[in-house]
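Asks: Handing over coords00.tsv, TSV, C-alpha atoms.
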```tsv
chain	number	residue	atom	x	y	z
A	1	MET	CA	31.66	20.72	-36.90
A	2	PRO	CA	28.81	19.96	-34.58
A	3	VAL	CA	26.42	17.39	-36.02
A	4	GLU	CA	22.72	18.07	-35.66
A	5	THR	CA	21.79	14.96	-33.70
A	6	VAL	CA	18.22	13.88	-33.02
A	7	ILE	CA	18.03	11.10	-30.44
A	8	GLU	CA	14.84	9.14	-31.04
A	9	ASP	CA	15.81	6.00	-29.08
A	10	ASP	CA	16.81	6.58	-25.45
A	11	ASP	CA	19.29	3.67	-25.54
A	12	TRP	CA	21.64	6.03	-27.42
A	13	ARG	CA	21.91	8.33	-24.40
A	14	GLY	CA	24.20	5.80	-22.70
A	15	VAL	CA	26.57	5.83	-25.68
A	16	ALA	CA	27.22	9.59	-26.00
A	17	ILE	CA	26.14	9.39	-29.64
A	18	ALA	CA	26.34	13.15	-30.21
A	19	THR	CA	29.97	13.23	-29.06
A	20	LEU	CA	30.87	10.20	-31.18
A	21	ALA	CA	29.13	11.74	-34.20
A	22	ASP	CA	30.90	15.10	-33.85
A	23	ALA	CA	34.27	13.35	-33.63
A	24	ALA	CA	33.62	10.91	-36.50
A	25	VAL	CA	32.26	13.53	-38.89
A	26	SER	CA	35.01	16.05	-38.12
A	27	ALA	CA	37.77	13.45	-38.45
A	28	THR	CA	36.39	12.19	-41.75
A	29	VAL	CA	36.07	15.63	-43.30
A	30	ARG	CA	39.45	16.73	-41.95
A	31	HIS	CA	41.16	13.56	-43.23
A	32	LEU	CA	39.99	14.42	-46.73
A	33	GLY	CA	41.59	17.87	-46.46
A	34	LEU	CA	38.36	19.76	-45.84
A	35	ASP	CA	37.42	22.28	-43.17
A	36	PRO	CA	34.87	20.73	-40.81
A	37	ALA	CA	33.39	24.16	-40.06
A	38	ALA	CA	32.26	24.43	-43.69
A	39	PHE	CA	29.93	21.40	-43.58
A	40	GLU	CA	26.72	20.20	-41.98
A	41	VAL	CA	25.45	16.69	-41.26
A	42	ALA	CA	22.19	15.63	-39.59
A	43	LEU	CA	22.01	12.38	-37.62
A	44	LEU	CA	18.98	10.39	-36.49
A	45	ALA	CA	19.87	8.03	-33.62
A	46	CYS	CA	17.00	5.57	-33.71
A	47	GLY	CA	16.08	1.95	-33.03
A	48	ASP	CA	15.50	-1.04	-35.26
A	49	ASP	CA	11.79	-0.37	-35.79
A	50	ARG	CA	12.40	3.09	-37.21
A	51	ILE	CA	15.38	2.15	-39.37
A	52	ALA	CA	13.44	-0.83	-40.79
A	53	VAL	CA	10.77	1.60	-42.02
A	54	LEU	CA	13.43	3.91	-43.51
A	55	ASN	CA	15.21	0.96	-45.12
A	56	ALA	CA	11.90	-0.21	-46.66
A	57	ASP	CA	10.95	3.27	-47.86
A	58	PHE	CA	14.29	4.19	-49.39
A	59	ARG	CA	15.90	0.88	-50.35
A	60	GLY	CA	12.94	-1.49	-50.65
A	61	LEU	CA	14.39	-3.67	-47.88
A	62	PRO	CA	11.85	-4.00	-45.04
A	63	ARG	CA	14.30	-5.00	-42.33
A	64	PRO	CA	16.60	-3.28	-39.86
A	65	THR	CA	20.11	-2.30	-40.84
A	66	ASN	CA	22.90	-0.61	-38.91
A	67	VAL	CA	23.29	2.69	-40.77
A	68	LEU	CA	21.68	4.53	-43.69
A	69	SER	CA	22.81	7.70	-45.43
A	70	TRP	CA	21.21	10.22	-47.76
A	71	PRO	CA	23.69	12.49	-49.53
A	72	SER	CA	22.47	16.00	-50.31
A	73	GLU	CA	23.73	15.45	-53.85
A	74	ASP	CA	25.37	12.75	-55.94
A	75	ARG	CA	29.11	13.12	-55.45
A	76	SER	CA	30.14	9.73	-56.82
A	77	PRO	CA	32.99	9.65	-59.34
A	78	ALA	CA	32.36	8.57	-62.92
A	79	ASP	CA	34.81	5.67	-62.82
A	80	PRO	CA	35.21	2.88	-60.24
A	81	GLY	CA	38.13	3.14	-57.83
A	82	LEU	CA	38.48	6.91	-58.07
A	83	ALA	CA	38.05	9.24	-55.12
A	84	PRO	CA	35.05	11.56	-55.37
A	85	ALA	CA	35.66	15.25	-55.94
A	86	PRO	CA	35.43	17.00	-52.56
A	87	PRO	CA	32.60	19.47	-52.03
A	88	GLU	CA	33.41	23.07	-51.14
A	89	ARG	CA	30.91	23.59	-48.32
A	90	GLY	CA	27.34	23.13	-47.18
A	91	ALA	CA	25.04	20.32	-46.14
A	92	LEU	CA	26.51	16.88	-46.84
A	93	GLY	CA	23.30	15.03	-46.04
A	94	ASP	CA	21.62	12.87	-43.42
A	95	ILE	CA	22.53	9.67	-41.57
A	96	ALA	CA	20.35	7.31	-39.52
A	97	ILE	CA	21.85	4.74	-37.16
A	98	ALA	CA	20.03	1.99	-35.25
A	99	TYR	CA	20.99	1.20	-31.68
A	100	ASP	CA	19.67	-2.38	-31.55
A	101	THR	CA	21.50	-3.56	-34.67
A	102	CYS	CA	24.71	-1.74	-33.74
A	103	ALA	CA	24.73	-3.18	-30.22
A	104	ARG	CA	24.04	-6.69	-31.51
A	105	GLU	CA	26.77	-6.47	-34.17
A	106	ALA	CA	29.33	-5.09	-31.71
A	107	ALA	CA	28.59	-7.91	-29.26
A	108	ASP	CA	28.73	-10.55	-32.02
A	109	GLN	CA	32.08	-9.16	-33.25
A	110	GLY	CA	33.54	-8.72	-29.76
A	111	LYS	CA	34.08	-4.98	-30.28
A	112	PRO	CA	33.37	-2.07	-27.97
A	113	LEU	CA	30.08	-0.47	-29.00
A	114	ASP	CA	31.62	2.99	-29.29
A	115	HIS	CA	34.25	1.65	-31.74
A	116	HIS	CA	31.62	-0.03	-33.90
A	117	VAL	CA	29.38	3.04	-33.88
A	118	THR	CA	32.31	5.30	-34.75
A	119	HIS	CA	33.16	3.01	-37.68
A	120	LEU	CA	29.57	3.11	-38.95
A	121	LEU	CA	29.43	6.90	-38.64
A	122	VAL	CA	32.67	7.29	-40.61
A	123	HIS	CA	31.24	4.86	-43.16
A	124	GLY	CA	28.04	6.92	-43.42
A	125	VAL	CA	29.91	10.20	-43.84
A	126	LEU	CA	32.05	8.69	-46.60
A	127	HIS	CA	28.82	7.74	-48.37
A	128	LEU	CA	27.66	11.36	-48.03
A	129	LEU	CA	30.93	12.41	-49.65
A	130	GLY	CA	30.44	10.11	-52.65
A	131	TYR	CA	32.33	6.98	-51.60
A	132	ASP	CA	30.69	3.61	-52.17
A	133	HIS	CA	31.41	-0.11	-52.11
A	134	MET	CA	29.49	-1.36	-55.14
A	135	THR	CA	32.63	-2.49	-56.99
A	136	ALA	CA	35.76	-4.14	-55.64
A	137	GLU	CA	37.81	-1.04	-56.51
A	138	ASP	CA	35.39	1.30	-54.75
A	139	ALA	CA	35.16	-0.98	-51.71
A	140	ALA	CA	38.96	-1.14	-51.40
A	141	LEU	CA	39.24	2.65	-51.54
A	142	MET	CA	36.40	3.21	-49.06
A	143	GLU	CA	37.71	0.62	-46.59
A	144	ARG	CA	41.22	2.08	-46.80
A	145	ARG	CA	39.84	5.55	-45.99
A	146	GLU	CA	37.81	4.12	-43.09
A	147	VAL	CA	40.86	2.43	-41.58
A	148	GLU	CA	42.96	5.61	-41.94
A	149	ILE	CA	40.28	7.81	-40.36
A	150	LEU	CA	39.51	5.37	-37.54
A	151	ALA	CA	43.22	5.22	-36.67
A	152	THR	CA	43.17	9.00	-36.05
A	153	LEU	CA	40.33	8.36	-33.58
A	154	GLY	CA	42.10	5.52	-31.77
A	155	VAL	CA	39.79	2.88	-33.23
A	156	PRO	CA	41.50	-0.31	-34.49
A	157	ASP	CA	41.06	-1.63	-38.03
A	158	PRO	CA	37.52	-3.07	-38.10
A	159	TYR	CA	38.36	-5.39	-40.97
```
Take the structure from the file and write it as structure tokens.

Replies:
Amino acid sequence: MPVETVIEDDDWRGVAIATLADAAVSATVRHLGLDPAAFEVALLACGDDRIAVLNADFRGLPRPTNVLSWPSEDRSPADPGLAPAPPERGALGDIAIAYDTCAREAADQGKPLDHHVTHLLVHGVLHLLGYDHMTAEDAALMERREVEILATLGVPDPY
């Protein structure tokens, strides 16, 4: 499942963002019992200035963040704590990730940047698939999935 990756900030070129994205998206979809070849994801690898504009436009929060996602449709379950119904195929949606914030967070947390970025990409894909962390039950389910998926990629539990 190759991810359509647009690199807007050259700092991402030193991180192999396209390779990390392909691996994270494929592992996430595969972990949920889906065929990665049946799905599409677009990724914008940008900097803090660009993601701050996106965050302001779409969430009303005019500040940088690490990752944003825009599902192609609402896949969230009706009740908290339940797993979303898996889609059959097609475009899952779009993700944007900011180099500056990711690099700063990884350094602050003492984590390798590629591990932190992989975690955020898995997190973003789970959002595209209908997972969320608005309630304690939903957060527990989403974090459990993240940890399981990251383990398949050799990334330690980020929590």

Asks: Output as JSON the centre and edge lengths (Å, one decimal) of the box along x, y and z of the file that holds every listed atom of segment 19-32 of chain A after adding 8 Å on each side.

Replies:
```
{"center_x": 35.1, "center_y": 13.5, "center_z": -37.9, "size_x": 28.0, "size_y": 22.5, "size_z": 33.7}
```

Asks: Counting all atoms listed in the file, which residue out of A:Pro86, A:Pro156, A:His133, A:Leu113 sits closest to Arg30 of chain A?

Replies: A:Pro86

Asks: So how far away is atom CA of Arg89 of chain A from atom CA of Phe39 of chain A, in Å?

Replies: 5.3 Å

Asks: Using only C-alpha atoms, which residues sit within 12 Å of Leu34 of chain A once same-chain residues fewer than 3 positions away are excluded, as an MDAnalysis selection string?

Replies: chainID A and resid 1 25:31 37:39 85:90 129

Asks: For Ile95 of chain A, list every protein, DNA or RNA residue within 10 Å, evaluated using all atoms listed in the file, and leave out those in the same chain fewer than 2 positions away; present the list as a list in words.

Replies: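 The residues that qualify are Thr5, Val41, Ala42, Leu43, Leu44, Ala45, Val67, Leu68, Ser69, Trp70, Pro71, Leu92, Gly93, Ile97, Leu120, Leu121, Gly124, Val125, His127 and Leu128 of chain A.
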
Asks: Near segment 104-109 of chain A, within 12 Å and counting all atoms listed in the file, which residues show up once chain neighbours fewer than 4 positions away are dropped, as a compact mmCIF listing (two decimals) with C-alpha atoms, in the coordinates of the input?

Replies:
```txt
# COMPACT_ATOMS: atom_id res chain seq x y z
CA GLY A 47 16.08 1.95 -33.03
CA ASP A 48 15.50 -1.04 -35.26
CA PRO A 64 16.60 -3.28 -39.86
CA THR A 65 20.11 -2.30 -40.84
CA ASN A 66 22.90 -0.61 -38.91
CA VAL A 67 23.29 2.69 -40.77
CA ALA A 98 20.03 1.99 -35.25
CA TYR A 99 20.99 1.20 -31.68
CA ASP A 100 19.67 -2.38 -31.55
CA LEU A 113 30.08 -0.47 -29.00
CA ASP A 114 31.62 2.99 -29.29
CA HIS A 115 34.25 1.65 -31.74
CA HIS A 116 31.62 -0.03 -33.90
CA VAL A 117 29.38 3.04 -33.88
CA THR A 118 32.31 5.30 -34.75
CA HIS A 119 33.16 3.01 -37.68
CA LEU A 120 29.57 3.11 -38.95
CA PRO A 158 37.52 -3.07 -38.10
CA TYR A 159 38.36 -5.39 -40.97
```

Asks: Some atoms are missing, so please complete segment 116-130 of chain A with N, CA and C atoms and return it as an mmCIF file, keeping the file's coordinate frame.

Replies:
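Now in out_29.cif:
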```
data_model
loop_
_atom_site.group_PDB
_atom_site.id
_atom_site.type_symbol
_atom_site.label_atom_id
_atom_site.label_comp_id
_atom_site.auth_asym_id
_atom_site.auth_seq_id
_atom_site.Cartn_x
_atom_site.Cartn_y
_atom_site.Cartn_z
ATOM 1 N N HIS A 116 32.463 0.392 -32.786
ATOM 2 C CA HIS A 116 31.620 -0.030 -33.900
ATOM 3 C C HIS A 116 30.775 1.139 -34.413
ATOM 4 N N VAL A 117 30.195 1.882 -33.496
ATOM 5 C CA VAL A 117 29.380 3.040 -33.880
ATOM 6 C C VAL A 117 30.237 4.078 -34.594
ATOM 7 N N THR A 118 31.415 4.342 -34.095
ATOM 8 C CA THR A 118 32.310 5.300 -34.750
ATOM 9 C C THR A 118 32.624 4.841 -36.170
ATOM 10 N N HIS A 119 32.908 3.554 -36.342
ATOM 11 C CA HIS A 119 33.160 3.010 -37.680
ATOM 12 C C HIS A 119 31.956 3.252 -38.597
ATOM 13 N N LEU A 120 30.770 2.951 -38.119
ATOM 14 C CA LEU A 120 29.570 3.110 -38.950
ATOM 15 C C LEU A 120 29.296 4.576 -39.275
ATOM 16 N N LEU A 121 29.612 5.467 -38.357
ATOM 17 C CA LEU A 121 29.430 6.900 -38.640
ATOM 18 C C LEU A 121 30.426 7.372 -39.694
ATOM 19 N N VAL A 122 31.678 6.950 -39.583
ATOM 20 C CA VAL A 122 32.670 7.290 -40.610
ATOM 21 C C VAL A 122 32.214 6.727 -41.953
ATOM 22 N N HIS A 123 31.751 5.497 -41.946
ATOM 23 C CA HIS A 123 31.240 4.860 -43.160
ATOM 24 C C HIS A 123 30.111 5.694 -43.773
ATOM 25 N N GLY A 124 29.164 6.110 -42.940
ATOM 26 C CA GLY A 124 28.040 6.920 -43.420
ATOM 27 C C GLY A 124 28.479 8.249 -43.993
ATOM 28 N N VAL A 125 29.424 8.907 -43.345
ATOM 29 C CA VAL A 125 29.910 10.200 -43.840
ATOM 30 C C VAL A 125 30.624 10.008 -45.181
ATOM 31 N N LEU A 126 31.400 8.947 -45.314
ATOM 32 C CA LEU A 126 32.050 8.690 -46.600
ATOM 33 C C LEU A 126 31.005 8.499 -47.703
ATOM 34 N N HIS A 127 29.903 7.842 -47.390
ATOM 35 C CA HIS A 127 28.820 7.740 -48.370
ATOM 36 C C HIS A 127 28.298 9.135 -48.739
ATOM 37 N N LEU A 128 28.130 9.998 -47.750
ATOM 38 C CA LEU A 128 27.660 11.360 -48.030
ATOM 39 C C LEU A 128 28.625 12.101 -48.951
ATOM 40 N N LEU A 129 29.898 11.749 -48.857
ATOM 41 C CA LEU A 129 30.930 12.410 -49.650
ATOM 42 C C LEU A 129 31.164 11.737 -51.009
ATOM 43 N N GLY A 130 30.357 10.717 -51.333
ATOM 44 C CA GLY A 130 30.440 10.110 -52.650
ATOM 45 C C GLY A 130 31.179 8.788 -52.727
#
```
